[in-house]
Amino acid sequence: MRVLENTGDYVLNALQGVGEAALLLLRGLSWSYQALKYRALVSEQMLFSGVESLPVVMVVAFFVGMVVSLQTGQEMARFQLQDNIGGIVAASMFREMGPVFSALIVAGRVGSSMAAQLGTMKVSEEIDALEAMSINPVRYLVMPRVLALLVMMPVLTLFANGVGLIGGALVGRYQIGVSYYTFFDTVVRNIQIRDITSGLIKAATFGLIIGSVSCHQGLKAAEGARGVGRATTRSLVYSFLFILMFDYFITAFIY
Amino acid sequence: MIDIVGLKKSLGGKEVLKGVDLRIDSGELLAVIGGSGAGKTVLLKHVIGFLKPDRGDILVNGVSVPRASQKELYEIRKDFGMLFQTAALLQSLTIGENLALPLKEHTKLSRQEIDRVVTERLNWVKLFNVENRLPSDLSVGMMKRAGLARALVRDPKIVLFDEPTTGLDPVLSSTIGQLIIDLHGRLKFTSIAVTHDMSLAYMIADRIAMLHHGRIIGIGTPEEIKTSKSQVVQQFIRGMPSIQSAESLLQR
């Protein structure tokens with residue numbers, strides 16, 4: 001009986017959290033018309049979430065492209081089909097690997113930092129201070145972060161796709177024996193606009209998920225340093241979970 | 001004028017406020033004293049609308065704070081200034097930016113005008129050339145004064161002080177007290193200061209109210225409080241241990 005009760009509580013709390021995060025996202029986006037007024041804050045967040053994440057996203061994407069190329073190339077070589085790996089690497093990168101890996105990196109690097117920062121502000125009464133000054137924390141703190149992630153996630157994904165292709169092409173050339181021309185020729189012949197747009201739609205959605213989940217967890221933090229730590233961990237776990245869930249649903253919807 | 005009527009609030013299953021009635025007249029400075037956990041800060045959070053009461057009402061110049069919508073609440077708070085226990089300066093902003101923030105948000109002052117007001121308010125609290133320093137570079141006393149300057153930057157009609165001298169030595173506490181008196185004289189704001197620092201309460205308050213176990217058990221001028229016949233009030237203002245706590249100490 002107790003187990004049922006606890007499970008019920010857990011499910012209810014989880015659903016409440018999802019609802020709160022979704023509401024926070026809508027409230028944050030509803031202030032986006034003031035993005036120009038807060039352009040300094042938005043730019044600062046774009047720099048942090050986008051530009052500063054770029055090196056790690058590119059390194060990861062480079063190796064992901066290499067791994068996909070190697071795994072696919074070796075299997076396809078058994079059937080003399082290795083010339084097609086460019087198309088397969090591109091499809092993997094554009095549809096899945098680019099947006100998902102970029103999102104996981106940003107969730108780990110940026111989302112957790114946002115949750116920790118807002119959590120610290122919450123427990124040190126800085127959020128209350130904003131409220132006392134009649135400054136809406138959603139407008140001042142959440143909107144710039146969500147907007148920055150909404151814009152920068154697709155940009156990061158484009159870079160990840162490009163670098164992943166380069167990694168794949170290098171492995172194709174030196175380990176599978178496919179020329180650069182053949183590799184990129186199959187990329188151009190096989191990739192459709194839908195492959196690119198679906199990846200970008202995913203990336204933008206993941207940006208919104210990371211922003212809303214992380215800000216929500218941060219603003220909910222309580223009980224000092226322990227609460228901030230918990231908020232940071234939760235932001236990461238929930239972001240990962242929702243990124244992969246939404247990845248499936250968007251894929252199912254588009255394809 | 002602030003009217004607190006029959007305020008009741010439970011937090012975590014514990015009744016923190018059990019029906020508080022208080023009236024603070026325009027321009028008056030009321031100190032609310034009481035032990036730790038007496039509900040002083042909870043009371044203050046209701047006045048500024050951070051918490052909603054279970055029962056009762058808070059009227060600020062006739063407008064109900066608990067019944068105000070979020071938008072109305074932000075309008076009401078434009079008349080407020082608040083000094084937090086920890087000063088609550090935004091750590092990512094410089095002191096100057098902290099003070100400029102409410103001015104940028106709510107006024108159309110030019111950058112030069114904002115800079116002038118910021119410097120003037122900092123000078124009021126005896127802080128000089130700290131505009132470009134981060135809060136983490138300041139001592140606790142300086143942070144409190146910067147927090148006070150931020151609370152006053154828009155000439156508020158109501159100022160709330162949450163334990164303004166916590167963590168300060170007696171000299172600094174007295175400095176903060178004197179600053180509050182000077183600034184109250186200059187700006188004539190209505191004010192509630194919650195504190196357990198009796199010397200500060202005597203120094204700054206027009207009236208003192210004692211909150212004990214969620215109820216106001218004594219209210220009056222500092223002189224009236226000093227001569228109160230209530231045993232609990234006398235115990236508190238003289239810093240004597242309560243009979244209960246003395247017994248529990250002896251048992252240990």
# chains A, B, ... in the order shown; residues from 1 in each chain; ligands from 1
>>> residues_around(residues="stretch 83-87 of chain A", least_positions_apart="3", cutoff="6 Å", atoms="only C-alpha atoms", output="ChimeraX atom specification")
/A:73,90,178,183-184,186-187,190
>>> write_last_selection(atoms="N, CA and C atoms", output="tab-separated table (two decimals), in the first residue's frame")
chain	number	residue	atom	x	y	z
A	73	GLY	N	30.69	2.13	-42.46
A	73	GLY	CA	31.59	1.82	-43.57
A	73	GLY	C	32.06	0.37	-43.52
A	90	ALA	N	25.54	11.56	-43.26
A	90	ALA	CA	24.81	12.83	-43.29
A	90	ALA	C	23.42	12.67	-42.69
A	178	VAL	N	37.03	5.52	-49.21
A	178	VAL	CA	36.06	6.25	-50.06
A	178	VAL	C	36.59	7.66	-50.27
A	183	PHE	N	32.25	10.61	-51.21
A	183	PHE	CA	31.58	10.80	-49.91
A	183	PHE	C	30.57	11.96	-50.01
A	184	PHE	N	31.07	13.14	-50.45
A	184	PHE	CA	30.19	14.32	-50.45
A	184	PHE	C	29.17	14.27	-51.58
A	186	THR	N	27.54	11.56	-52.40
A	186	THR	CA	26.38	10.81	-51.86
A	186	THR	C	25.64	11.64	-50.81
A	187	VAL	N	26.38	12.52	-50.14
A	187	VAL	CA	25.70	13.42	-49.18
A	187	VAL	C	24.69	14.27	-49.94
A	190	ASN	N	21.72	12.23	-51.45
A	190	ASN	CA	20.79	11.53	-50.55
A	190	ASN	C	20.05	12.42	-49.56
>>> select_by_dssp(residues="stretch 47-137 of chain B", states="helix (DSSP H, G or I)", output="PyMOL selection string")
chain B and resi 47+70-77+95-106+111-124+135-137
>>> residues_around(residues="A:Val106", least_positions_apart="2", cutoff="12 Å", atoms="only C-alpha atoms", output="MDAnalysis selection string")
chainID A and resid 46 48:58 60 99:104 108:114 148:150 152:154 156:157 203 206:211 214 235:236 239:240 243
>>> write_last_selection(atoms="N, CA and C atoms", output="compact mmCIF listing (two decimals), in the first residue's frame")
# COMPACT_ATOMS: atom_id res chain seq x y z
N MET A 46 23.44 34.20 -25.12
CA MET A 46 23.77 33.57 -26.41
C MET A 46 25.26 33.25 -26.47
N PHE A 48 27.17 32.70 -23.87
CA PHE A 48 27.44 31.61 -22.93
C PHE A 48 26.94 30.26 -23.44
N SER A 49 25.67 30.25 -23.89
CA SER A 49 25.09 28.95 -24.28
C SER A 49 25.52 28.53 -25.68
N GLY A 50 25.79 29.48 -26.54
CA GLY A 50 26.14 29.13 -27.91
C GLY A 50 27.63 29.15 -28.19
N VAL A 51 28.19 30.34 -28.18
CA VAL A 51 29.59 30.51 -28.61
C VAL A 51 30.54 29.70 -27.71
N GLU A 52 30.32 29.77 -26.41
CA GLU A 52 31.23 29.07 -25.50
C GLU A 52 31.02 27.55 -25.50
N SER A 53 29.87 27.10 -26.02
CA SER A 53 29.63 25.65 -26.11
C SER A 53 30.19 25.09 -27.41
N LEU A 54 30.47 25.98 -28.35
CA LEU A 54 30.84 25.53 -29.70
C LEU A 54 32.05 24.58 -29.72
N PRO A 55 33.16 24.90 -29.04
CA PRO A 55 34.31 23.99 -29.13
C PRO A 55 33.99 22.56 -28.72
N VAL A 56 33.32 22.41 -27.58
CA VAL A 56 33.05 21.05 -27.10
C VAL A 56 32.04 20.34 -28.01
N VAL A 57 31.05 21.09 -28.51
CA VAL A 57 30.07 20.50 -29.44
C VAL A 57 30.79 20.02 -30.70
N MET A 58 31.73 20.83 -31.19
CA MET A 58 32.43 20.46 -32.42
C MET A 58 33.33 19.24 -32.23
N VAL A 60 32.93 16.83 -30.02
CA VAL A 60 32.07 15.65 -29.89
C VAL A 60 31.50 15.26 -31.25
N PRO A 99 21.55 17.17 -33.66
CA PRO A 99 20.71 17.83 -32.64
C PRO A 99 20.77 17.15 -31.28
N VAL A 100 20.77 15.82 -31.24
CA VAL A 100 20.70 15.15 -29.93
C VAL A 100 22.00 15.33 -29.15
N PHE A 101 23.13 15.09 -29.80
CA PHE A 101 24.40 15.24 -29.06
C PHE A 101 24.63 16.70 -28.65
N SER A 102 24.29 17.63 -29.55
CA SER A 102 24.44 19.06 -29.18
C SER A 102 23.58 19.35 -27.96
N ALA A 103 22.35 18.84 -27.98
CA ALA A 103 21.44 19.12 -26.86
C ALA A 103 21.95 18.50 -25.56
N LEU A 104 22.47 17.29 -25.64
CA LEU A 104 22.96 16.65 -24.41
C LEU A 104 24.16 17.42 -23.85
N GLY A 108 24.15 19.50 -20.31
CA GLY A 108 25.16 19.26 -19.28
C GLY A 108 25.94 20.50 -18.95
N ARG A 109 26.29 21.25 -19.95
CA ARG A 109 27.16 22.41 -19.73
C ARG A 109 26.39 23.67 -19.34
N VAL A 110 25.33 23.95 -20.11
CA VAL A 110 24.61 25.22 -19.92
C VAL A 110 23.42 25.05 -18.96
N GLY A 111 22.63 23.99 -19.19
CA GLY A 111 21.42 23.80 -18.38
C GLY A 111 21.73 23.67 -16.91
N SER A 112 22.75 22.84 -16.61
CA SER A 112 23.07 22.64 -15.20
C SER A 112 23.60 23.94 -14.58
N SER A 113 24.34 24.69 -15.37
CA SER A 113 24.87 25.97 -14.89
C SER A 113 23.72 26.96 -14.62
N MET A 114 22.74 26.97 -15.52
CA MET A 114 21.58 27.85 -15.32
C MET A 114 20.82 27.47 -14.05
N ALA A 148 17.83 32.66 -25.82
CA ALA A 148 19.20 32.38 -26.28
C ALA A 148 19.34 30.92 -26.71
N LEU A 149 18.76 30.02 -25.92
CA LEU A 149 18.85 28.59 -26.27
C LEU A 149 18.04 28.26 -27.51
N LEU A 150 16.89 28.93 -27.64
CA LEU A 150 16.05 28.70 -28.82
C LEU A 150 16.80 29.07 -30.10
N MET A 152 20.31 29.58 -30.31
CA MET A 152 21.66 29.02 -30.43
C MET A 152 21.69 27.50 -30.65
N MET A 153 20.67 26.79 -30.18
CA MET A 153 20.69 25.33 -30.38
C MET A 153 20.71 24.95 -31.86
N PRO A 154 19.84 25.54 -32.71
CA PRO A 154 19.93 25.21 -34.14
C PRO A 154 21.28 25.61 -34.74
N LEU A 156 24.21 25.72 -33.18
CA LEU A 156 25.18 24.71 -32.74
C LEU A 156 25.00 23.41 -33.53
N THR A 157 23.75 23.06 -33.78
CA THR A 157 23.47 21.83 -34.51
C THR A 157 24.02 21.91 -35.94
N ALA A 203 16.37 20.63 -32.70
CA ALA A 203 17.33 21.44 -31.94
C ALA A 203 16.63 22.59 -31.21
N PHE A 206 14.66 21.20 -28.35
CA PHE A 206 15.55 20.81 -27.25
C PHE A 206 16.03 22.06 -26.49
N GLY A 207 16.26 23.13 -27.22
CA GLY A 207 16.67 24.40 -26.59
C GLY A 207 15.60 24.87 -25.61
N LEU A 208 14.35 24.79 -26.06
CA LEU A 208 13.24 25.21 -25.18
C LEU A 208 13.14 24.29 -23.96
N ILE A 209 13.34 23.00 -24.20
CA ILE A 209 13.27 22.03 -23.09
C ILE A 209 14.37 22.34 -22.07
N ILE A 210 15.59 22.50 -22.54
CA ILE A 210 16.71 22.74 -21.61
C ILE A 210 16.48 24.03 -20.83
N GLY A 211 16.06 25.07 -21.55
CA GLY A 211 15.84 26.37 -20.90
C GLY A 211 14.76 26.30 -19.84
N SER A 214 15.69 23.76 -16.85
CA SER A 214 16.77 24.26 -15.99
C SER A 214 16.32 25.46 -15.17
N SER A 235 17.84 19.07 -13.07
CA SER A 235 17.75 19.75 -14.37
C SER A 235 18.41 18.90 -15.44
N LEU A 236 19.52 18.28 -15.07
CA LEU A 236 20.26 17.45 -16.03
C LEU A 236 19.47 16.19 -16.37
N SER A 239 16.23 17.06 -18.26
CA SER A 239 16.53 17.54 -19.62
C SER A 239 16.85 16.35 -20.52
N PHE A 240 17.74 15.47 -20.05
CA PHE A 240 18.11 14.28 -20.84
C PHE A 240 16.86 13.47 -21.20
N ILE A 243 14.61 15.35 -23.66
CA ILE A 243 15.24 15.46 -24.98
C ILE A 243 15.02 14.15 -25.75
>>> interface_residues(of="chain A", to="chain B", cutoff="12 Å", atoms="only C-alpha atoms", output="list of chain:residue names")
A:Gln34, A:Lys37, A:Tyr38, A:Leu41, A:Gln117, A:Leu118, A:Thr120, A:Met121, A:Lys122, A:Val123, A:Ser124, A:Glu125, A:Glu126, A:Ile127, A:Asp128, A:Ala129, A:Leu130, A:Glu131, A:Ala132, A:Met133, A:Ser134, A:Ile135, A:Asn136, A:Pro137, A:Arg139, A:Tyr140, A:Leu141
>>> write_last_selection(atoms="N, CA, C and O atoms", output="mmCIF file, in the first residue's frame")
data_model
loop_
_atom_site.group_PDB
_atom_site.id
_atom_site.type_symbol
_atom_site.label_atom_id
_atom_site.label_comp_id
_atom_site.auth_asym_id
_atom_site.auth_seq_id
_atom_site.Cartn_x
_atom_site.Cartn_y
_atom_site.Cartn_z
ATOM 1 N N GLN A 34 10.041 41.725 -25.548
ATOM 2 C CA GLN A 34 10.934 42.703 -24.902
ATOM 3 C C GLN A 34 12.414 42.330 -25.071
ATOM 4 O O GLN A 34 13.278 42.875 -24.390
ATOM 5 N N LYS A 37 14.774 45.195 -25.639
ATOM 6 C CA LYS A 37 15.086 45.975 -24.431
ATOM 7 C C LYS A 37 16.157 45.257 -23.601
ATOM 8 O O LYS A 37 17.017 45.894 -22.994
ATOM 9 N N TYR A 38 16.065 43.931 -23.590
ATOM 10 C CA TYR A 38 17.007 43.140 -22.797
ATOM 11 C C TYR A 38 18.092 42.518 -23.682
ATOM 12 O O TYR A 38 18.589 41.440 -23.381
ATOM 13 N N LEU A 41 21.268 41.238 -22.068
ATOM 14 C CA LEU A 41 21.150 39.973 -21.331
ATOM 15 C C LEU A 41 21.020 38.797 -22.290
ATOM 16 O O LEU A 41 21.614 37.732 -22.063
ATOM 17 N N GLN A 117 22.863 28.527 -11.082
ATOM 18 C CA GLN A 117 22.895 29.993 -10.900
ATOM 19 C C GLN A 117 21.561 30.504 -10.344
ATOM 20 O O GLN A 117 21.534 31.257 -9.358
ATOM 21 N N LEU A 118 20.466 30.077 -10.967
ATOM 22 C CA LEU A 118 19.156 30.546 -10.496
ATOM 23 C C LEU A 118 18.850 29.984 -9.103
ATOM 24 O O LEU A 118 18.257 30.667 -8.270
ATOM 25 N N THR A 120 21.040 29.310 -6.767
ATOM 26 C CA THR A 120 21.814 30.098 -5.798
ATOM 27 C C THR A 120 21.142 31.454 -5.570
ATOM 28 O O THR A 120 21.045 31.940 -4.440
ATOM 29 N N MET A 121 20.662 32.042 -6.649
ATOM 30 C CA MET A 121 19.961 33.330 -6.507
ATOM 31 C C MET A 121 18.704 33.170 -5.659
ATOM 32 O O MET A 121 18.344 34.060 -4.896
ATOM 33 N N LYS A 122 18.052 32.023 -5.824
ATOM 34 C CA LYS A 122 16.817 31.792 -5.061
ATOM 35 C C LYS A 122 17.125 31.672 -3.573
ATOM 36 O O LYS A 122 16.490 32.345 -2.760
ATOM 37 N N VAL A 123 18.106 30.840 -3.235
ATOM 38 C CA VAL A 123 18.355 30.604 -1.805
ATOM 39 C C VAL A 123 19.055 31.794 -1.142
ATOM 40 O O VAL A 123 19.030 31.914 0.068
ATOM 41 N N SER A 124 19.668 32.668 -1.943
ATOM 42 C CA SER A 124 20.315 33.840 -1.328
ATOM 43 C C SER A 124 19.417 35.082 -1.425
ATOM 44 O O SER A 124 19.898 36.204 -1.287
ATOM 45 N N GLU A 125 18.145 34.871 -1.673
ATOM 46 C CA GLU A 125 17.110 35.926 -1.681
ATOM 47 C C GLU A 125 17.243 36.921 -2.835
ATOM 48 O O GLU A 125 16.591 37.956 -2.832
ATOM 49 N N GLU A 126 18.099 36.614 -3.826
ATOM 50 C CA GLU A 126 18.239 37.556 -4.948
ATOM 51 C C GLU A 126 16.967 37.603 -5.793
ATOM 52 O O GLU A 126 16.621 38.652 -6.335
ATOM 53 N N ILE A 127 16.287 36.450 -5.883
ATOM 54 C CA ILE A 127 15.030 36.427 -6.659
ATOM 55 C C ILE A 127 13.983 37.275 -5.921
ATOM 56 O O ILE A 127 13.256 38.055 -6.543
ATOM 57 N N ASP A 128 13.947 37.135 -4.589
ATOM 58 C CA ASP A 128 13.026 37.961 -3.797
ATOM 59 C C ASP A 128 13.362 39.441 -3.962
ATOM 60 O O ASP A 128 12.467 40.284 -4.022
ATOM 61 N N ALA A 129 14.668 39.731 -4.028
ATOM 62 C CA ALA A 129 15.079 41.136 -4.195
ATOM 63 C C ALA A 129 14.557 41.674 -5.527
ATOM 64 O O ALA A 129 14.095 42.824 -5.600
ATOM 65 N N LEU A 130 14.620 40.857 -6.577
ATOM 66 C CA LEU A 130 14.078 41.291 -7.875
ATOM 67 C C LEU A 130 12.587 41.564 -7.750
ATOM 68 O O LEU A 130 12.082 42.592 -8.215
ATOM 69 N N GLU A 131 11.892 40.619 -7.101
ATOM 70 C CA GLU A 131 10.444 40.788 -6.908
ATOM 71 C C GLU A 131 10.157 42.068 -6.124
ATOM 72 O O GLU A 131 9.240 42.799 -6.451
ATOM 73 N N ALA A 132 10.955 42.306 -5.086
ATOM 74 C CA ALA A 132 10.744 43.499 -4.257
ATOM 75 C C ALA A 132 10.962 44.776 -5.067
ATOM 76 O O ALA A 132 10.369 45.810 -4.773
ATOM 77 N N MET A 133 11.811 44.695 -6.103
ATOM 78 C CA MET A 133 12.052 45.871 -6.950
ATOM 79 C C MET A 133 11.054 45.929 -8.106
ATOM 80 O O MET A 133 11.245 46.671 -9.056
ATOM 81 N N SER A 134 9.994 45.093 -8.011
ATOM 82 C CA SER A 134 8.981 45.028 -9.078
ATOM 83 C C SER A 134 9.574 44.591 -10.408
ATOM 84 O O SER A 134 9.152 45.043 -11.466
ATOM 85 N N ILE A 135 10.579 43.753 -10.345
ATOM 86 C CA ILE A 135 11.170 43.222 -11.579
ATOM 87 C C ILE A 135 10.789 41.747 -11.661
ATOM 88 O O ILE A 135 11.144 40.960 -10.779
ATOM 89 N N ASN A 136 10.052 41.412 -12.713
ATOM 90 C CA ASN A 136 9.587 40.040 -12.868
ATOM 91 C C ASN A 136 10.772 39.120 -13.186
ATOM 92 O O ASN A 136 11.426 39.291 -14.218
ATOM 93 N N PRO A 137 11.065 38.143 -12.313
ATOM 94 C CA PRO A 137 12.233 37.277 -12.554
ATOM 95 C C PRO A 137 12.103 36.461 -13.839
ATOM 96 O O PRO A 137 13.107 36.133 -14.452
ATOM 97 N N ARG A 139 10.767 37.517 -16.634
ATOM 98 C CA ARG A 139 11.157 38.418 -17.730
ATOM 99 C C ARG A 139 12.656 38.692 -17.690
ATOM 100 O O ARG A 139 13.324 38.696 -18.719
ATOM 101 N N TYR A 140 13.191 38.891 -16.502
ATOM 102 C CA TYR A 140 14.591 39.320 -16.376
ATOM 103 C C TYR A 140 15.572 38.156 -16.476
ATOM 104 O O TYR A 140 16.670 38.309 -17.002
ATOM 105 N N LEU A 141 15.169 36.981 -15.973
ATOM 106 C CA LEU A 141 16.113 35.849 -15.918
ATOM 107 C C LEU A 141 15.775 34.720 -16.889
ATOM 108 O O LEU A 141 16.663 34.161 -17.520
#
>>> residues_around(residues="stretch 22-25 of chain A", least_positions_apart="6", cutoff="9 Å", atoms="only C-alpha atoms", output="number ranges by chain")
A: 138, 142-143, 146, 208-209, 211-213, 215-216
>>> write_last_selection(atoms="N, CA and C atoms", output="CSV table (one decimal), in the first residue's frame")
chain,number,residue,atom,x,y,z
A,138,VAL,N,10.9,36.2,-14.2
A,138,VAL,CA,10.7,35.4,-15.5
A,138,VAL,C,11.1,36.3,-16.7
A,142,VAL,N,14.5,34.4,-17.0
A,142,VAL,CA,14.1,33.2,-17.8
A,142,VAL,C,14.1,33.5,-19.3
A,143,MET,N,13.4,34.6,-19.6
A,143,MET,CA,13.2,35.0,-21.0
A,143,MET,C,14.6,35.0,-21.8
A,146,VAL,N,15.9,31.3,-22.2
A,146,VAL,CA,15.2,30.5,-23.1
A,146,VAL,C,15.3,30.9,-24.5
A,208,LEU,N,14.3,24.8,-26.1
A,208,LEU,CA,13.2,25.2,-25.2
A,208,LEU,C,13.1,24.3,-24.0
A,209,ILE,N,13.3,23.0,-24.2
A,209,ILE,CA,13.3,22.0,-23.1
A,209,ILE,C,14.4,22.3,-22.1
A,211,GLY,N,16.1,25.1,-21.5
A,211,GLY,CA,15.8,26.4,-20.9
A,211,GLY,C,14.8,26.3,-19.8
A,212,SER,N,13.6,25.7,-20.2
A,212,SER,CA,12.5,25.7,-19.3
A,212,SER,C,12.8,24.8,-18.1
A,213,VAL,N,13.3,23.6,-18.4
A,213,VAL,CA,13.6,22.6,-17.3
A,213,VAL,C,14.6,23.2,-16.3
A,215,CYS,N,15.6,26.4,-15.8
A,215,CYS,CA,15.2,27.6,-15.1
A,215,CYS,C,14.1,27.2,-14.0
A,216,HIS,N,13.3,26.3,-14.4
A,216,HIS,CA,12.2,25.8,-13.4
A,216,HIS,C,12.9,25.2,-12.2
>>> atom_distance(atom1="atom CA of B:Lys157", atom2="atom CA of B:Gly62")
14.1 Å
>>> residues_around(residues="B:Gly177", least_positions_apart="2", cutoff="8 Å", atoms="only C-alpha atoms", output="JSON, numbers by chain")
{"B": [173, 174, 175, 179, 180, 181, 200, 203, 204]}
>>> closest_residue(among="B:Ile216, B:Met143, B:Ile24, B:Val159", to="B:Lys126", atoms="only C-alpha atoms")
B:Met143
>>> closest_residue(among="A:Leu29, A:Val64, A:Ala116, A:Leu47", to="A:Leu219", atoms="only C-alpha atoms")
A:Ala116
>>> atom_distance(atom1="atom CA of A:Gln45", atom2="atom CA of A:Arg145")
5.8 Å
>>> atom_distance(atom1="atom CA of B:Val20", atom2="atom CA of B:Arg215")
5.7 Å
>>> closest_atom_pairs(of="stretch 16-127 of chain B", to="stretch 191-195 of chain B", cutoff="7 Å", atoms="only C-alpha atoms", output="tab-separated table")
residue	atom	partner	partner_atom	distance
B:Glu28	CA	B:Ser191	CA	6.2
B:Leu29	CA	B:Ser191	CA	4.6
B:Leu30	CA	B:Ile192	CA	4.9
B:Ala31	CA	B:Ala193	CA	4.6
B:Val32	CA	B:Val194	CA	4.6
B:Ile33	CA	B:Thr195	CA	5.3
B:Lys40	CA	B:Val194	CA	6.0
B:Thr41	CA	B:Val194	CA	6.9
